[in-house]
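K.L.:
My structure is in work_7.cif, and what it holds is mmCIF, C-alpha atoms:
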data_coords
loop_
_atom_site.label_atom_id
_atom_site.label_comp_id
_atom_site.auth_asym_id
_atom_site.auth_seq_id
_atom_site.Cartn_x
_atom_site.Cartn_y
_atom_site.Cartn_z
CA MET A 1030 140.53 219.35 195.13
CA ILE A 1031 137.71 217.26 193.65
CA ILE A 1032 135.13 218.89 191.38
CA THR A 1033 131.81 217.59 192.70
CA GLU A 1034 129.40 219.19 190.23
CA ILE A 1035 129.23 221.45 187.20
CA CYS A 1036 125.75 222.88 186.73
CA GLN A 1037 124.04 225.62 184.79
CA LEU A 1038 123.93 228.89 186.71
CA ARG A 1039 120.39 229.72 185.63
CA PRO A 1040 117.98 228.40 183.00
CA LYS A 1041 119.13 229.48 179.51
CA SER A 1042 122.31 230.97 181.00
CA LYS A 1043 125.59 230.63 179.11
CA MET A 1044 127.41 230.29 182.43
CA LYS A 1045 127.96 227.31 184.71
CA ARG A 1046 128.93 226.97 188.34
CA VAL A 1047 131.84 224.69 189.19
CA LYS A 1048 131.37 223.26 192.68
CA MET A 1049 134.24 221.90 194.77
CA GLU A 1050 134.28 219.33 197.55
CA ASP A 1051 135.02 221.97 200.21
CA GLY A 1052 131.77 223.80 199.37
CA SER A 1053 133.43 226.58 197.38
CA SER A 1054 132.52 227.34 193.79
CA PHE A 1055 133.21 229.65 190.87
CA VAL A 1056 131.41 230.55 187.65
CA LEU A 1057 132.68 230.32 184.08
CA TYR A 1058 131.16 230.46 180.63
CA SER A 1059 130.17 227.08 179.21
CA GLY A 1060 132.62 227.53 176.34
CA GLU A 1061 135.49 228.17 178.75
CA ILE A 1062 134.69 224.97 180.62
CA ARG A 1063 134.60 222.97 177.41
CA ARG A 1064 138.03 224.26 176.42
CA MET A 1065 139.53 223.23 179.78
CA SER A 1066 139.58 219.45 179.69
CA PHE A 1067 140.54 219.24 183.36
CA LEU A 1068 137.23 220.87 184.37
CA ARG A 1069 135.10 217.76 184.60
CA GLU A 1070 133.00 216.36 187.42
CA GLY A 1071 135.08 213.97 189.53
CA ASN A 1072 138.43 215.44 188.41
CA ASP A 1073 140.98 216.63 190.93
CA LEU A 1074 141.55 220.36 190.28
CA SER A 1075 145.10 221.25 191.26
CA ARG A 1076 145.99 224.41 193.15
CA GLU A 1077 147.95 225.63 190.16
CA GLU A 1078 144.99 225.11 187.81
CA ARG A 1079 142.66 226.87 190.20
CA ASP A 1080 145.03 229.82 190.66
CA THR A 1081 145.42 230.19 186.91
CA ILE A 1082 141.65 230.36 186.45
CA PHE A 1083 141.29 232.84 189.30
CA GLN A 1084 144.14 235.16 188.31
CA GLU A 1085 143.89 235.07 184.52
CA ILE A 1086 140.11 234.86 184.03
CA LEU A 1087 138.03 235.58 187.10
CA LEU A 1088 139.96 238.39 188.80
CA PRO A 1089 140.10 240.64 185.70
CA ARG A 1090 136.42 239.88 185.16
CA ALA A 1091 135.58 240.73 188.78
CA LYS A 1092 137.46 244.03 188.52
CA LYS A 1093 135.61 244.94 185.33
CA ARG A 1094 132.27 244.01 186.90
CA CYS A 1095 133.13 246.03 190.00
CA LEU A 1096 133.90 249.16 188.00
CA HIS A 1097 130.77 248.69 185.91
CA LEU A 1098 128.62 248.58 189.05
CA LEU A 1099 130.25 251.74 190.36
CA GLU A 1100 129.45 253.57 187.13
CA LYS A 1101 125.76 253.24 187.96
CA GLN A 1102 125.80 254.07 191.68
CA ASP A 1103 127.98 254.39 194.74
CA TYR A 1104 128.50 251.38 197.01
CA THR A 1105 130.13 250.67 200.34
CA SER A 1106 132.93 248.12 200.28
CA ARG A 1107 130.82 245.44 201.96
CA SER A 1108 127.81 246.04 199.71
CA LEU A 1109 130.00 245.77 196.64
CA ILE A 1110 131.63 242.56 197.86
CA ARG A 1111 128.17 241.13 198.54
CA LYS A 1112 127.02 242.13 195.06
CA LEU A 1113 130.00 240.40 193.44
CA THR A 1114 129.67 237.21 195.47
CA GLN A 1115 125.98 237.06 194.59
CA GLY A 1116 127.12 237.17 190.98
CA GLY A 1117 129.18 234.03 191.48
CA TYR A 1118 132.63 235.42 192.24
CA PRO A 1119 134.51 233.78 195.12
CA GLU A 1120 134.78 236.08 198.12
CA GLU A 1121 138.57 236.36 197.89
CA LEU A 1122 138.28 237.65 194.33
CA ALA A 1123 135.42 239.99 195.23
CA GLU A 1124 137.56 241.46 198.01
CA ALA A 1125 140.54 241.84 195.67
CA ALA A 1126 138.39 243.55 193.03
CA VAL A 1127 136.97 245.99 195.58
CA ALA A 1128 140.46 246.70 196.93
CA TYR A 1129 141.54 247.46 193.37
CA ALA A 1130 138.67 249.93 192.92
CA ALA A 1131 139.39 251.46 196.33
CA SER A 1132 143.03 252.07 195.35
CA PHE A 1133 141.68 254.59 192.82
CA HIS A 1134 139.18 255.96 195.38
CA TYR A 1135 136.27 254.67 193.34
CA VAL A 1136 135.13 253.02 196.57
CA ASP A 1137 135.29 255.18 199.68
CA ASP A 1138 133.16 254.26 202.68
CA LEU A 1139 133.65 257.65 204.37
CA ARG A 1140 132.54 259.50 201.25
CA TYR A 1141 129.56 257.15 200.95
CA ALA A 1142 128.59 257.77 204.59
CA GLN A 1143 128.95 261.54 204.24
CA ASN A 1144 126.78 261.59 201.14
CA PHE A 1145 124.21 259.35 202.83
CA VAL A 1146 123.97 261.62 205.89
CA ARG A 1147 123.83 264.75 203.73
CA PHE A 1148 121.00 263.48 201.52
CA HIS A 1149 118.91 261.58 204.08
CA GLN A 1150 119.19 263.62 207.29
CA ASP A 1151 116.01 265.59 206.57
CA LYS A 1152 113.91 262.40 206.65
CA LYS A 1153 115.81 260.12 209.01
CA SER A 1154 116.79 260.36 212.67
CA VAL A 1155 120.45 260.15 213.63
CA LYS A 1156 119.80 256.69 215.07
CA ARG A 1157 118.20 255.56 211.80
CA LEU A 1158 121.09 257.01 209.79
CA ARG A 1159 123.50 255.01 211.95
CA MET A 1160 121.50 251.80 211.63
CA ASP A 1161 121.18 252.12 207.86
CA LEU A 1162 124.89 252.79 207.39
CA MET A 1163 125.87 249.93 209.69
CA ALA A 1164 123.62 247.62 207.65
CA LYS A 1165 125.56 248.69 204.56
CA GLY A 1166 128.82 247.71 206.23
CA VAL A 1167 130.19 251.12 207.18
CA SER A 1168 132.34 251.03 210.31
CA SER A 1169 131.18 252.93 213.40
CA ASP A 1170 134.17 255.28 213.39
CA LEU A 1171 133.45 256.36 209.79
CA ILE A 1172 129.77 256.81 210.64
CA ASP A 1173 130.78 259.06 213.57
CA MET A 1174 132.99 261.12 211.25
CA ALA A 1175 130.24 261.45 208.65
CA ILE A 1176 127.66 262.58 211.22
CA GLU A 1177 130.10 265.01 212.80
CA THR A 1178 130.98 266.65 209.47
CA GLU A 1179 127.64 266.51 207.64
CA LEU A 1180 124.76 266.58 210.12
CA THR A 1181 123.02 269.94 210.21
CA VAL A 1182 119.44 269.16 211.20
CA ASP A 1183 117.87 269.84 214.59
CA GLU A 1184 116.13 266.61 215.57
CA THR A 1185 113.70 268.39 217.89
CA ALA A 1186 112.57 270.63 215.03
CA GLN A 1187 112.47 267.57 212.79
CA ILE A 1188 110.10 265.79 215.20
CA GLN A 1189 107.90 268.87 215.46
CA GLU A 1190 107.66 269.00 211.67
CA LEU A 1191 106.55 265.35 211.66
CA LEU A 1192 103.93 266.13 214.30
CA LYS A 1193 102.63 268.88 212.06
CA LYS A 1194 102.58 266.66 208.97
CA LYS A 1195 100.73 263.93 210.90
CA HIS A 1196 98.17 266.55 212.04
CA TYR A 1197 98.87 265.79 215.68
CA ASP A 1198 96.43 267.62 217.96
CA PRO A 1199 98.08 268.42 221.33
CA THR A 1200 94.66 269.22 222.82
CA GLU A 1201 93.65 265.61 222.32
CA LYS A 1202 92.98 264.05 225.72
CA ASP A 1203 92.93 260.41 224.60
CA PRO A 1204 96.22 258.87 225.84
CA LYS A 1205 95.99 256.18 223.14
CA ILE A 1206 96.40 258.80 220.41
CA LYS A 1207 99.43 260.29 222.11
CA ALA A 1208 100.87 256.82 222.59
CA LYS A 1209 100.32 256.03 218.92
CA MET A 1210 102.19 259.18 217.88
CA TYR A 1211 105.00 258.33 220.31
CA ARG A 1212 105.33 254.83 218.81
CA PHE A 1213 105.40 256.29 215.30
CA LEU A 1214 108.28 258.62 216.21
CA ALA A 1215 110.12 255.91 218.14
CA GLY A 1216 109.81 253.71 215.06
CA ARG A 1217 111.61 256.44 213.11
CA GLY A 1218 114.54 256.02 215.50
CA TYR A 1219 114.17 259.11 217.67
CA ALA A 1220 115.24 258.87 221.31
CA SER A 1221 112.53 258.87 223.95
CA SER A 1222 113.79 262.05 225.61
CA LEU A 1223 113.80 263.90 222.27
CA ILE A 1224 110.27 262.75 221.45
CA LEU A 1225 108.87 263.85 224.80
CA ASP A 1226 110.66 267.22 224.68
CA ALA A 1227 109.54 267.87 221.12
CA MET A 1228 105.93 266.97 221.92
CA ARG A 1229 105.96 269.31 224.94
CA LEU A 1230 107.42 272.14 222.87
CA TYR A 1231 104.87 271.50 220.13
CA GLU A 1232 102.06 271.63 222.64
CA ASP A 1233 103.42 274.87 224.13
CA ASP A 1234 103.65 276.48 220.71
CA VAL A 1235 100.08 275.49 219.86
CA PHE A 1236 98.64 276.77 223.12
CA GLU A 1237 100.58 280.04 222.89
CA SER A 1238 99.53 280.74 219.30
#
What's the structure tokens form of this structure?

P.N.:
Amino acid sequence: MIITEICQLRPKSKMKRVKMEDGSSFVLYSGEIRRMSFLREGNDLSREERDTIFQEILLPRAKKRCLHLLEKQDYTSRSLIRKLTQGGYPEELAEAAVAYAASFHYVDDLRYAQNFVRFHQDKKSVKRLRMDLMAKGVSSDLIDMAIETELTVDETAQIQELLKKKHYDPTEKDPKIKAKMYRFLAGRGYASSLILDAMRLYEDDVFES
């Protein structure tokens, strides 16, 4: 496959991106490129040469980078793959590196989802928890398992607490104020039926006290 361009990754960077005619690319240090005479713009990079670079240089580097990222924080598989590809690793190598880390349980999407639900359920609705985890690439079945095993909050009580924090006055007759509070809660991801029930209960508690 023809090498179409070799360019600096970033200003003052010691790394360069090697671009191929099919739109793919990979990143190497400038010194590595200089030592490989076949890595020149316009040259035809053979499959064997490419595989050697991938397996002997880039894959070990991707694995090391993957483990280094996981030392700092937990990631979902998809988030970690995205992080590696943003760093210049081809997707196939990013996937292989993440699979390697997962084989030692350093990456575990169910564990990530369970921790996420456990730590964020006090401030997020179940719907918002689901949306956030889906955005991070967690599958719906693992999200269901995490919510089933970790969720302990009562969303109605959670909404009432938010009403209290927002100083909502149930005696307020202006429908615009009630509508504004409803939109705020809906924006947090709470279901309409839960919002209306919680607001009614909150009003009952205020009038009874």

K.L.:
Kindly give the distance, in Å, that separates atom CA of Pro1119 of chain A and atom CA of Ser1054 of chain A, rounded to a single decimal.

P.N.:
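About the pair atom CA of Pro1119 of chain A and atom CA of Ser1054 of chain A: they are 6.9 Å apart.
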
K.L.:
With distances taken over only C-alpha atoms, which of A:Lys1205, A:Phe1133, A:Arg1212, A:Gln1189 is nearest to Arg1229 of chain A?

P.N.:
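Closest to Arg1229 of chain A, using only C-alpha atoms: A:Gln1189.
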
K.L.:
To verify the selection step, state as a ChimeraX atom specification which residues the PyMOL selection byres ((chain A and resi 1149-1166) around 12) yields on this input.

P.N.:
/A:1103-1112,1137-1148,1167-1177,1179-1188,1190-1191,1214-1221,1223-1224

K.L.:
Store the residues picked out above in a file with C-alpha atoms, as a tab-separated table (two decimals), in the coordinates of the input.

P.N.:
chain	number	residue	atom	x	y	z
A	1103	ASP	CA	127.98	254.39	194.74
A	1104	TYR	CA	128.50	251.38	197.01
A	1105	THR	CA	130.13	250.67	200.34
A	1106	SER	CA	132.93	248.12	200.28
A	1107	ARG	CA	130.82	245.44	201.96
A	1108	SER	CA	127.81	246.04	199.71
A	1109	LEU	CA	130.00	245.77	196.64
A	1110	ILE	CA	131.63	242.56	197.86
A	1111	ARG	CA	128.17	241.13	198.54
A	1112	LYS	CA	127.02	242.13	195.06
A	1137	ASP	CA	135.29	255.18	199.68
A	1138	ASP	CA	133.16	254.26	202.68
A	1139	LEU	CA	133.65	257.65	204.37
A	1140	ARG	CA	132.54	259.50	201.25
A	1141	TYR	CA	129.56	257.15	200.95
A	1142	ALA	CA	128.59	257.77	204.59
A	1143	GLN	CA	128.95	261.54	204.24
A	1144	ASN	CA	126.78	261.59	201.14
A	1145	PHE	CA	124.21	259.35	202.83
A	1146	VAL	CA	123.97	261.62	205.89
A	1147	ARG	CA	123.83	264.75	203.73
A	1148	PHE	CA	121.00	263.48	201.52
A	1167	VAL	CA	130.19	251.12	207.18
A	1168	SER	CA	132.34	251.03	210.31
A	1169	SER	CA	131.18	252.93	213.40
A	1170	ASP	CA	134.17	255.28	213.39
A	1171	LEU	CA	133.45	256.36	209.79
A	1172	ILE	CA	129.77	256.81	210.64
A	1173	ASP	CA	130.78	259.06	213.57
A	1174	MET	CA	132.99	261.12	211.25
A	1175	ALA	CA	130.24	261.45	208.65
A	1176	ILE	CA	127.66	262.58	211.22
A	1177	GLU	CA	130.10	265.01	212.80
A	1179	GLU	CA	127.64	266.51	207.64
A	1180	LEU	CA	124.76	266.58	210.12
A	1181	THR	CA	123.02	269.94	210.21
A	1182	VAL	CA	119.44	269.16	211.20
A	1183	ASP	CA	117.87	269.84	214.59
A	1184	GLU	CA	116.13	266.61	215.57
A	1185	THR	CA	113.70	268.39	217.89
A	1186	ALA	CA	112.57	270.63	215.03
A	1187	GLN	CA	112.47	267.57	212.79
A	1188	ILE	CA	110.10	265.79	215.20
A	1190	GLU	CA	107.66	269.00	211.67
A	1191	LEU	CA	106.55	265.35	211.66
A	1214	LEU	CA	108.28	258.62	216.21
A	1215	ALA	CA	110.12	255.91	218.14
A	1216	GLY	CA	109.81	253.71	215.06
A	1217	ARG	CA	111.61	256.44	213.11
A	1218	GLY	CA	114.54	256.02	215.50
A	1219	TYR	CA	114.17	259.11	217.67
A	1220	ALA	CA	115.24	258.87	221.31
A	1221	SER	CA	112.53	258.87	223.95
A	1223	LEU	CA	113.80	263.90	222.27
A	1224	ILE	CA	110.27	262.75	221.45

K.L.:
For the atom pair atom CA of Thr1200 of chain A and atom CA of Leu1230 of chain A, what is the interatomic distance in Å to one decimal place?

P.N.:
13.1 Å

K.L.:
Tell me which protein, DNA and RNA residues are within 9 Å of segment 1074-1088 of chain A, counting only C-alpha atoms, leaving out same-chain ones fewer than 6 positions away, and put them as a ChimeraX atom specification.

P.N.:
/A:1030-1032,1049,1055-1057,1067-1068,1118-1119,1122-1123,1125-1126

K.L.:
Nearest to Thr1114 of chain A: which of A:Arg1069, A:Arg1094, A:Lys1193, A:Lys1101 is it, counting all atoms listed in the file?

P.N.:
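Nearest to Thr1114 of chain A: A:Arg1094.
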
K.L.:
Would you kindly return, as an NGL selection string, each protein, DNA or RNA residue with an atom no farther than 8 Å from any atom of Thr1033 of chain A, considering all atoms listed in the file and excluding same-chain residues fewer than 3 positions away?

P.N.:
:A and (1047-1050 or 1070-1071)

K.L.:
Just give me the gap between atom CA of Ser1053 of chain A and atom CA of Lys1041 of chain A in Å, one decimal is fine.

P.N.:
23.1 Å

K.L.:
Would you kindly return, as an MDAnalysis selection string, each protein, DNA or RNA residue with an atom no farther than 12 Å from any atom of Gly1060 of chain A, considering only C-alpha atoms and excluding same-chain residues fewer than 4 positions away?

P.N.:
chainID A and resid 1042:1045 1056 1064:1066 1068

K.L.:
Taking all atoms listed in the file into account, which of A:Leu1225, A:Ile1206, A:Val1127, A:Glu1034 comes nearest Asp1073 of chain A?

P.N.:
A:Glu1034

K.L.:
If I put a ball of radius 6 Å at (127.3, 226.7, 185.5) in the file's coordinates, which residues poke into it when counting only C-alpha atoms, written as a list in words?

P.N.:
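The requested residues, written out, are Ile1035, Cys1036, Gln1037, Leu1038, Met1044, Lys1045 and Arg1046 of chain A.
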
K.L.:
Considering all atoms listed in the file, state which residue in the set A:Leu1096, A:Leu1192, A:Ile1062, A:Met1228 is at the smallest distance from His1134 of chain A.

P.N.:
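Of all the options, A:Leu1096 lies closest to His1134 of chain A.
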